Amino acid sequence: MNTLGNRGFRKALVLPMSIGKGFRNIFISIARFFSSLFHQIAAGDLWVKSSLLLCGMGYFGRRQYGKGILATLLQLAALCLFPVFFLPYLRKFDTLGDVERQTIFNPETLKNEVNAFDDSFQILLFGVVGILFLFACLILYVKNISWVSALQKKAEEGKHINSLREDFSSLFHEKFHITLLSLPVICVVVFSVVPLLVMILAGFTNFDRFHFPPARLFTWVGLDNFHALFESSLTATFGYSFRKILLWTLIWAFLATFTNYYGGILLALFINHRQTRFKKFWRTAFVIPIAVPQFVSLLLVRNFFANTGIVNTLFSQWGVTDFFRNLGLISSGAAYIPFLTDPNWAKAMIILINMWVGIPYMMLLSTGVLMNIPGDLLESAQIDGANAFQRFRKITMPYIRFVTGPYLVSSLIGNINNFNIIYLLTNDIYVTSDQLLANSNAREVDLLVTWLYRLTQDFNNYKMASVLGMAIFLICAGFTLLTFSRMNQGNKEETFQ
């Protein structure tokens with residue numbers, strides 16, 4: 001018992017120790033970087049030290065006039081662009097503006113004119129861009145010192161120093177990978193990193209429909225929005241809604257993932273069984289839901305299962321509605337089965353419809369995996385006396401689980417963020433009966449991602465949507481790290497080869 005307890009204690013300490021080691025390595029790397037930088041400056045000659053003031057001096061001293069002119073022009077462009085364009089936004093970044101938009105009557109022109117107002121969103125956006133621009137300039141400034149220091153060493157050792165033309169030529173030969181990656185990196189920063197940082201920072205503001213620029217300003221509120229996500233009262237119900245929707249999101253993710261996963265495997269086994277006839281027909285029949293665009297299928301299914309849809313009409317004629325009413329599954333006065341309007345019925349129907357849409361994907365994937373299981377392995381197990389279930393449990397299923405492990409993880413994360421099936425099946429049909437959920441613009445059938453979408457698109461509550469987005473990221477990152485570390489440890493390759 002003591003050995004097991006010590007082993008569990010050591011495992012519990014692995015993550016904190018690894019995190020602490022990671023921070024220590026970061027601090028060591030930063031210390032080494034600055035130590036190397038100070039050494040380069042101290043050991044540098046006059047041209048290297050003068051590069052601290054004018055970036056091109058280190059190149060001019062080595063007769064690298066093209067590089068010197070280019071470095072000087074870049075420095076001057078940065079010195080002109082930053083104070084003229086970014087500095088006005090950064091000065092107001094701490095308050096996100098203090099002059100609201102007003103219409104003032106001008107007696108000279110006899111017209112109403114708009115004052116020079118502040119736009120909080122522009123200040124936030126260009127403030128973030130300005131900080132990134134300043135950070136990039138500092139990196140280039142420091143790297144320039146390293147470059148001119150390297151030129152000094154080459155000059156002292158009598159080595160050849162590349163000209164500007166040779167450096168440009170190397171970008172299309174030896175360093176062509178840098179040229180290819182430059183544009184994608186810039187696009188990622190501009191179209192992904194900057195919007196992501198802006199929306200994260202929006203979670204620390206009061207950016208909502210009551211503080212919506214340019215008509216109104218918003219400002220920093222610290223951690224108030226995060227507190228609101230975990231507290232509940234008669235007026236503030238986000239904590240109640242978050243707990244309820246988070247629970248349904250996790251239940252939905254696990255049920256949707258594992259029903260599709262094991263349903264697809266079983267369907268593939270049945271279709272590929274030796275005694276199954278018309279295999280091509282069954283594969284084609286189950287692939288049809290994949291061939292039809294998902295939003296078309298979901299909208300058709302929503303109409304089928306509506307309160308006045310064809311399914312309810314047929315069930316009413318066949319007496320199924322009366323049967324369910326007698327069992328107490330629907331209220332005594334209901335004239336239809338509330339497939340998509342009752343919270344319990346809607347959740348069950350969403351899971352069933354998702355199985356119809358998702359199982360064919362796993363069926364196709366499992367079919368390919370089953371065809372690659374070594375036949376002699378199954379035959380030897382059968383000769384040893386293993387029955388069909390034992391062969392499935394000991395050989396087939398471990399093999400499939402090993403090969404499809406990454407798909408299972410990505411499917412789980414995808415179902416946490418499965419926007420289409422929830423939104424398309426319930427939008428404009430489902431109305432919440434829970435007033436506490438309604439106060440925070442949520443519904444019983446909402447996932448965190450659909451709640452986030454409705455907060456932004458329908459109610460302009462960007463502050464709480466930002467907080468929800470960060471919560472979704474933490475949940476998805478946690479599940480990804482946990483499942484990959486448990487399922488794909490990299491020690492089973494030889495077993496399945």
# chains A, B, ... in the order shown; residues from 1 in each chain; ligands from 1
call {"tool": "residues_around", "arguments": {"residues": "Met199 (chain A)", "least_positions_apart": "6", "cutoff": "10 Å", "atoms": "only C-alpha atoms", "output": "ChimeraX atom specification"}}
result
/A:124-125,462-463,465-467,469-470
call {"tool": "write_last_selection", "arguments": {"atoms": "N, CA and C atoms", "output": "PDB file, in the first residue's frame"}}
result
ATOM      1  N   LEU A 124      -8.848  49.692 -28.945  1.00  0.00           N
ATOM      2  CA  LEU A 124      -8.436  48.349 -28.534  1.00  0.00           C
ATOM      3  C   LEU A 124      -7.715  47.629 -29.668  1.00  0.00           C
ATOM      4  N   LEU A 125      -8.264  47.692 -30.882  1.00  0.00           N
ATOM      5  CA  LEU A 125      -7.686  46.983 -32.016  1.00  0.00           C
ATOM      6  C   LEU A 125      -6.312  47.529 -32.371  1.00  0.00           C
ATOM      7  N   TYR A 462     -20.551  40.944 -26.177  1.00  0.00           N
ATOM      8  CA  TYR A 462     -19.225  40.458 -26.536  1.00  0.00           C
ATOM      9  C   TYR A 462     -18.359  40.169 -25.308  1.00  0.00           C
ATOM     10  N   LYS A 463     -18.609  40.826 -24.206  1.00  0.00           N
ATOM     11  CA  LYS A 463     -17.769  40.606 -23.024  1.00  0.00           C
ATOM     12  C   LYS A 463     -17.944  39.191 -22.495  1.00  0.00           C
ATOM     13  N   ALA A 465     -19.308  36.672 -24.162  1.00  0.00           N
ATOM     14  CA  ALA A 465     -18.939  35.738 -25.225  1.00  0.00           C
ATOM     15  C   ALA A 465     -17.433  35.504 -25.225  1.00  0.00           C
ATOM     16  N   SER A 466     -16.661  36.537 -24.959  1.00  0.00           N
ATOM     17  CA  SER A 466     -15.209  36.382 -24.876  1.00  0.00           C
ATOM     18  C   SER A 466     -14.814  35.475 -23.726  1.00  0.00           C
ATOM     19  N   VAL A 467     -15.461  35.652 -22.580  1.00  0.00           N
ATOM     20  CA  VAL A 467     -15.179  34.799 -21.427  1.00  0.00           C
ATOM     21  C   VAL A 467     -15.557  33.349 -21.737  1.00  0.00           C
ATOM     22  N   GLY A 469     -15.610  31.989 -24.684  1.00  0.00           N
ATOM     23  CA  GLY A 469     -14.620  31.491 -25.631  1.00  0.00           C
ATOM     24  C   GLY A 469     -13.364  31.002 -24.938  1.00  0.00           C
ATOM     25  N   MET A 470     -12.896  31.747 -23.929  1.00  0.00           N
ATOM     26  CA  MET A 470     -11.720  31.305 -23.174  1.00  0.00           C
ATOM     27  C   MET A 470     -12.017  30.038 -22.388  1.00  0.00           C
TER      28      MET A 470
END
call {"tool": "residues_around", "arguments": {"residues": "region 88-103 of chain A", "least_positions_apart": "3", "cutoff": "7 Å", "atoms": "only C-alpha atoms", "output": "short mmCIF file (atom, residue, chain, number, x, y, z; two decimals) with C-alpha atoms, in the first residue's frame"}}
result
data_model
loop_
_atom_site.label_atom_id
_atom_site.label_comp_id
_atom_site.auth_asym_id
_atom_site.auth_seq_id
_atom_site.Cartn_x
_atom_site.Cartn_y
_atom_site.Cartn_z
CA PHE A 85 -0.28 56.17 -36.12
CA ASN A 112 -25.59 69.37 -36.72
CA GLU A 113 -22.02 68.10 -36.67
CA VAL A 114 -20.45 65.13 -34.95
CA ASN A 115 -17.65 65.87 -32.53
CA PHE A 117 -15.22 61.27 -30.53
CA ASP A 118 -13.25 58.20 -29.43
CA ASP A 119 -14.00 54.71 -30.71
CA SER A 120 -13.20 52.17 -28.01
CA ILE A 123 -8.44 51.98 -29.67
CA LEU A 124 -8.44 48.35 -28.53
CA PHE A 126 -4.97 49.41 -33.04
CA GLY A 127 -3.56 49.41 -29.52
CA PRO A 214 -19.16 54.24 -31.83
CA ALA A 215 -22.33 55.46 -30.11
CA ARG A 216 -21.06 54.45 -26.65
CA LEU A 217 -17.66 53.79 -25.11
CA PHE A 218 -16.61 50.68 -23.24
CA THR A 219 -13.81 50.41 -20.72
CA TRP A 220 -11.81 47.94 -18.65
#
call {"tool": "closest_atom_pairs", "arguments": {"of": "region 365-477 of chain A", "to": "region 227-244 of chain A", "cutoff": "8 Å", "atoms": "only C-alpha atoms", "output": "tab-separated table"}}
result
residue	atom	partner	partner_atom	distance
A:Leu436	CA	A:Thr237	CA	5.9
A:Leu437	CA	A:Ser241	CA	5.5
A:Asn439	CA	A:Thr237	CA	6.6
A:Ser440	CA	A:Phe238	CA	5.6
A:Ala442	CA	A:Ser241	CA	6.8
A:Glu444	CA	A:Lys244	CA	7.8
A:Leu448	CA	A:Phe242	CA	8.0
A:Met464	CA	A:Leu229	CA	7.8
A:Val467	CA	A:Leu229	CA	7.9
call {"tool": "residues_around", "arguments": {"residues": "region 45-59 of chain A", "least_positions_apart": "4", "cutoff": "10 Å", "atoms": "only C-alpha atoms", "output": "number ranges by chain"}}
result
A: 40-41, 63-76, 140-142, 144-152
call {"tool": "closest_residue", "arguments": {"among": "A:Val194, A:Val287, A:Ile186, A:Leu425", "to": "Phe304 (chain A)", "atoms": "only C-alpha atoms"}}
result
A:Leu425
call {"tool": "residues_around", "arguments": {"residues": "Leu196 (chain A)", "least_positions_apart": "3", "cutoff": "12 Å", "atoms": "only C-alpha atoms", "output": "mmCIF file with C-alpha atoms, in the first residue's frame"}}
result
data_model
loop_
_atom_site.group_PDB
_atom_site.id
_atom_site.type_symbol
_atom_site.label_atom_id
_atom_site.label_comp_id
_atom_site.auth_asym_id
_atom_site.auth_seq_id
_atom_site.Cartn_x
_atom_site.Cartn_y
_atom_site.Cartn_z
ATOM 1 C CA LEU A 125 -7.686 46.983 -32.016
ATOM 2 C CA VAL A 128 -2.995 45.647 -29.796
ATOM 3 C CA VAL A 129 -1.524 46.070 -33.288
ATOM 4 C CA VAL A 188 -1.571 34.071 -39.332
ATOM 5 C CA VAL A 189 -0.529 37.051 -37.221
ATOM 6 C CA VAL A 190 -2.831 39.506 -39.009
ATOM 7 C CA PHE A 191 -5.918 37.318 -39.442
ATOM 8 C CA SER A 192 -5.650 34.963 -36.442
ATOM 9 C CA VAL A 193 -3.406 36.252 -33.677
ATOM 10 C CA MET A 199 -11.463 39.184 -28.407
ATOM 11 C CA ILE A 200 -9.580 37.865 -25.367
ATOM 12 C CA LEU A 201 -9.071 41.408 -24.119
ATOM 13 C CA ALA A 202 -12.769 42.112 -24.747
ATOM 14 C CA GLY A 203 -13.468 39.703 -21.893
ATOM 15 C CA SER A 466 -15.209 36.382 -24.876
ATOM 16 C CA GLY A 469 -14.620 31.491 -25.631
ATOM 17 C CA MET A 470 -11.720 31.305 -23.174
ATOM 18 C CA PHE A 473 -10.539 26.785 -25.121
#
call {"tool": "closest_residue", "arguments": {"among": "A:Ile245, A:Ile429, A:Leu327, A:Ala116", "to": "Thr308 (chain A)", "atoms": "only C-alpha atoms"}}
result
A:Ile429
call {"tool": "closest_atom_pairs", "arguments": {"of": "region 275-387 of chain A", "to": "region 395-400 of chain A", "cutoff": "8 Å", "atoms": "only C-alpha atoms", "output": "JSON lines"}}
result
{"residue": "A:Ser366", "atom": "CA", "partner": "A:Ile400", "partner_atom": "CA", "distance": 7.1}
{"residue": "A:Val369", "atom": "CA", "partner": "A:Ile400", "partner_atom": "CA", "distance": 6.4}
{"residue": "A:Leu370", "atom": "CA", "partner": "A:Ile400", "partner_atom": "CA", "distance": 7.5}
{"residue": "A:Ile373", "atom": "CA", "partner": "A:Thr396", "partner_atom": "CA", "distance": 7.4}
{"residue": "A:Leu378", "atom": "CA", "partner": "A:Ile395", "partner_atom": "CA", "distance": 7.4}
call {"tool": "closest_residue", "arguments": {"among": "A:Phe121, A:Gly61, A:Ile139, A:Leu365", "to": "Phe212 (chain A)", "atoms": "only C-alpha atoms"}}
result
A:Phe121
call {"tool": "residues_around", "arguments": {"residues": "Ala253 (chain A)", "least_positions_apart": "6", "cutoff": "9 Å", "atoms": "only C-alpha atoms", "output": "ChimeraX atom specification"}}
result
/A:411-418
call {"tool": "atom_distance", "arguments": {"atom1": "CA of Phe392 (chain A)", "atom2": "CA of Ser485 (chain A)"}}
result
24.8 Å
call {"tool": "atom_distance", "arguments": {"atom1": "CA of Asn387 (chain A)", "atom2": "CA of Asn260 (chain A)"}}
result
25.7 Å
call {"tool": "closest_residue", "arguments": {"among": "A:Ala291, A:Leu250, A:Val198, A:Leu329", "to": "Asp446 (chain A)", "atoms": "only C-alpha atoms"}}
result
A:Leu250
call {"tool": "closest_residue", "arguments": {"among": "A:Thr341, A:Asn354, A:Gln275, A:Asn106", "to": "Ile421 (chain A)", "atoms": "only C-alpha atoms"}}
result
A:Asn354
call {"tool": "closest_residue", "arguments": {"among": "A:Val296, A:Ile131, A:Val301, A:Ala268", "to": "Leu352 (chain A)", "atoms": "only C-alpha atoms"}}
result
A:Val301
call {"tool": "select_by_dssp", "arguments": {"residues": "region 185-432 of chain A", "states": "helix (DSSP H, G or I)", "output": "number ranges by chain"}}
result
A: 185-202, 224-228, 238-271, 279-291, 294-304, 310-318, 320-327, 343-370, 375-383, 388-403, 405-416, 419-426
